[in-house]
2 protein chains.
Amino acid sequence: MAADSYSISDLAREFEVTTRTLRFYEEKGLLAPVRSGNSRVYSSTDRVRLKLILRGKRLGFSLDESRDIITMYEPTTGNLRQLESLLAKIQEKRTVLEQRRKEIDSMLKDLRQTESMCLEALPKRSRKVAGRAGS
Amino acid sequence: MAADSYSISDLAREFEVTTRTLRFYEEKGLLAPVRSGNSRVYSSTDRVRLKLILRGKRLGFSLDESRDIITMYEPTTGNLRQLESLLAKIQEKRTVLEQRRKEIDSMLKDLRQTESMCLEALPKRSRKVAGRAGS
DNA sequence: GTTTACGTTTACGTTAACGTAAACTATACT
DNA sequence: AGTATAGTTTACGTTAACGTAAACGTAAAC
């Protein structure tokens, strides 16, 4: 097992957020670090949760949505009805994510199109300078 | 050519936003409908722009970012230096988008994993009810 | 001719997601 | 002892992206 214990500024540094942000996430019920005296002590589980929160943010999910998604990943002690409801939620999120993936793809397509228009407009001589960095 | 002309409430209805939103986007320089007397008249170009704005939103881009992206798509009258700067911006956005696509994929992977854990936990009898809607 | 539907501007209100500052505590060097 | 470093709580401030309400114009419908 790894170090498994981080201070608030450890995580803040690593993920480039402020300590205020971490306390805010806790306030919102997204993180729940243990206390050592007065200070917060984050476990590696907390670290993972933070990672998921930030990933969610980048993908345009609200903190509330991220919390929902994260609780999906957690050990479900639930009964059958809860399991089925969880499965339904998963399907729902999956649909959303797959839709967004498509939108990203068409956005990329648009960008590539504009890009090639640009390249056509460029005098041949300049191409090796300005041209494709892609793959 | 299509109808090519929409009222503010036409677009509001079609895209399920309020008229306030459309006026707000205009205020922010994202849309620029023509006026007929006092009223706004949106062209099909405006409609496309709106579509792009909303897509950007779903993908977690701010309105400012969306405006930047949209102007990338537009006919570049620019000179060589402008073209090269545009190409650079495109590359940048492409990188971001490709990164997000990866993140979506790993999110989907996580969801699938949780899903199969759920399915394992379900008594066999229930599976045909709760099971896969996928594909 | 007035009600209904649709449009306008102006302006203050609201929510999410933090930023920022003040005032305080607890170790940890020097 | 003094001061730097890292932590805490409390609370008001800020920005983006609209919501909401007031007060008004205009044109068709009854």
# chains A, B, ... in the order shown; residues from 1 in each chain; ligands from 1
call {"tool": "interface_residues", "arguments": {"of": "chain B", "to": "chain D", "cutoff": "12 Å", "atoms": "only C-alpha atoms (C1' of nucleotides)", "output": "PyMOL selection string"}}
result
chain B and resi 17-25+27-28+37-39+57+61-64
call {"tool": "interface_residues", "arguments": {"of": "chain A", "to": "chain B", "cutoff": "6 Å", "atoms": "only C-alpha atoms", "output": "ChimeraX atom specification"}}
result
/A:59-60,73,84,114,130
call {"tool": "closest_atom_pairs", "arguments": {"of": "chain C", "to": "chain A", "cutoff": "9 Å", "atoms": "only C-alpha atoms (C1' of nucleotides)", "output": "JSON lines"}}
result
{"residue": "C:DA16", "atom": "C1'", "partner": "A:Ser62", "partner_atom": "CA", "distance": 8.3}
{"residue": "C:DA17", "atom": "C1'", "partner": "A:Thr21", "partner_atom": "CA", "distance": 8.5}
{"residue": "C:DC18", "atom": "C1'", "partner": "A:Thr21", "partner_atom": "CA", "distance": 6.5}
{"residue": "C:DG19", "atom": "C1'", "partner": "A:Arg20", "partner_atom": "CA", "distance": 8.3}
call {"tool": "write_last_selection", "arguments": {"atoms": "N, CA and C atoms (P, O5', C5', C4', C3', O3' and C1' of nucleotides)", "output": "compact mmCIF listing (two decimals), in the first residue's frame"}}
result
# COMPACT_ATOMS: atom_id res chain seq x y z
P DA C 16 -26.88 26.10 -6.59
O5' DA C 16 -25.55 26.07 -7.45
C5' DA C 16 -25.65 25.90 -8.86
C4' DA C 16 -24.26 25.97 -9.46
C3' DA C 16 -23.19 25.18 -8.71
O3' DA C 16 -22.29 24.66 -9.67
C1' DA C 16 -22.64 27.48 -8.67
P DA C 17 -21.21 23.57 -9.16
O5' DA C 17 -19.94 24.47 -8.89
C5' DA C 17 -19.39 25.20 -9.99
C4' DA C 17 -18.27 26.08 -9.49
C3' DA C 17 -17.31 25.43 -8.47
O3' DA C 17 -15.98 25.77 -8.81
C1' DA C 17 -18.06 27.46 -7.67
P DC C 18 -14.79 24.82 -8.30
O5' DC C 18 -14.71 25.09 -6.73
C5' DC C 18 -13.68 25.90 -6.20
C4' DC C 18 -13.85 27.37 -6.54
C3' DC C 18 -12.83 28.26 -5.86
O3' DC C 18 -11.87 28.72 -6.79
C1' DC C 18 -15.03 29.18 -5.77
P DG C 19 -10.53 29.39 -6.24
O5' DG C 19 -10.95 30.89 -5.87
C5' DG C 19 -11.22 31.81 -6.90
C4' DG C 19 -11.11 33.24 -6.39
C3' DG C 19 -9.84 33.58 -5.62
O3' DG C 19 -9.48 34.93 -5.94
C1' DG C 19 -11.71 33.86 -4.19
call {"tool": "atom_distance", "arguments": {"atom1": "CA of Tyr6 in chain A", "atom2": "CA of Arg35 in chain A"}}
result
11.5 Å
call {"tool": "atom_distance", "arguments": {"atom1": "CA of Ala32 in chain A", "atom2": "C1' of DA26 in chain C"}}
result
22.2 Å
call {"tool": "atom_distance", "arguments": {"atom1": "CA of Asp68 in chain B", "atom2": "CA of Ser5 in chain B"}}
result
24.7 Å
call {"tool": "select_by_dssp", "arguments": {"residues": "range 28-127 of chain A", "states": "strand (DSSP E)", "output": "list of chain:residue names"}}
result
A:Val34, A:Arg35, A:Ser36, A:Ser39, A:Arg40, A:Val41
call {"tool": "select_by_dssp", "arguments": {"residues": "range 22-123 of chain B", "states": "alpha helix (DSSP H)", "output": "PyMOL selection string"}}
result
chain B and resi 22-27+44-58+63-73+80-121
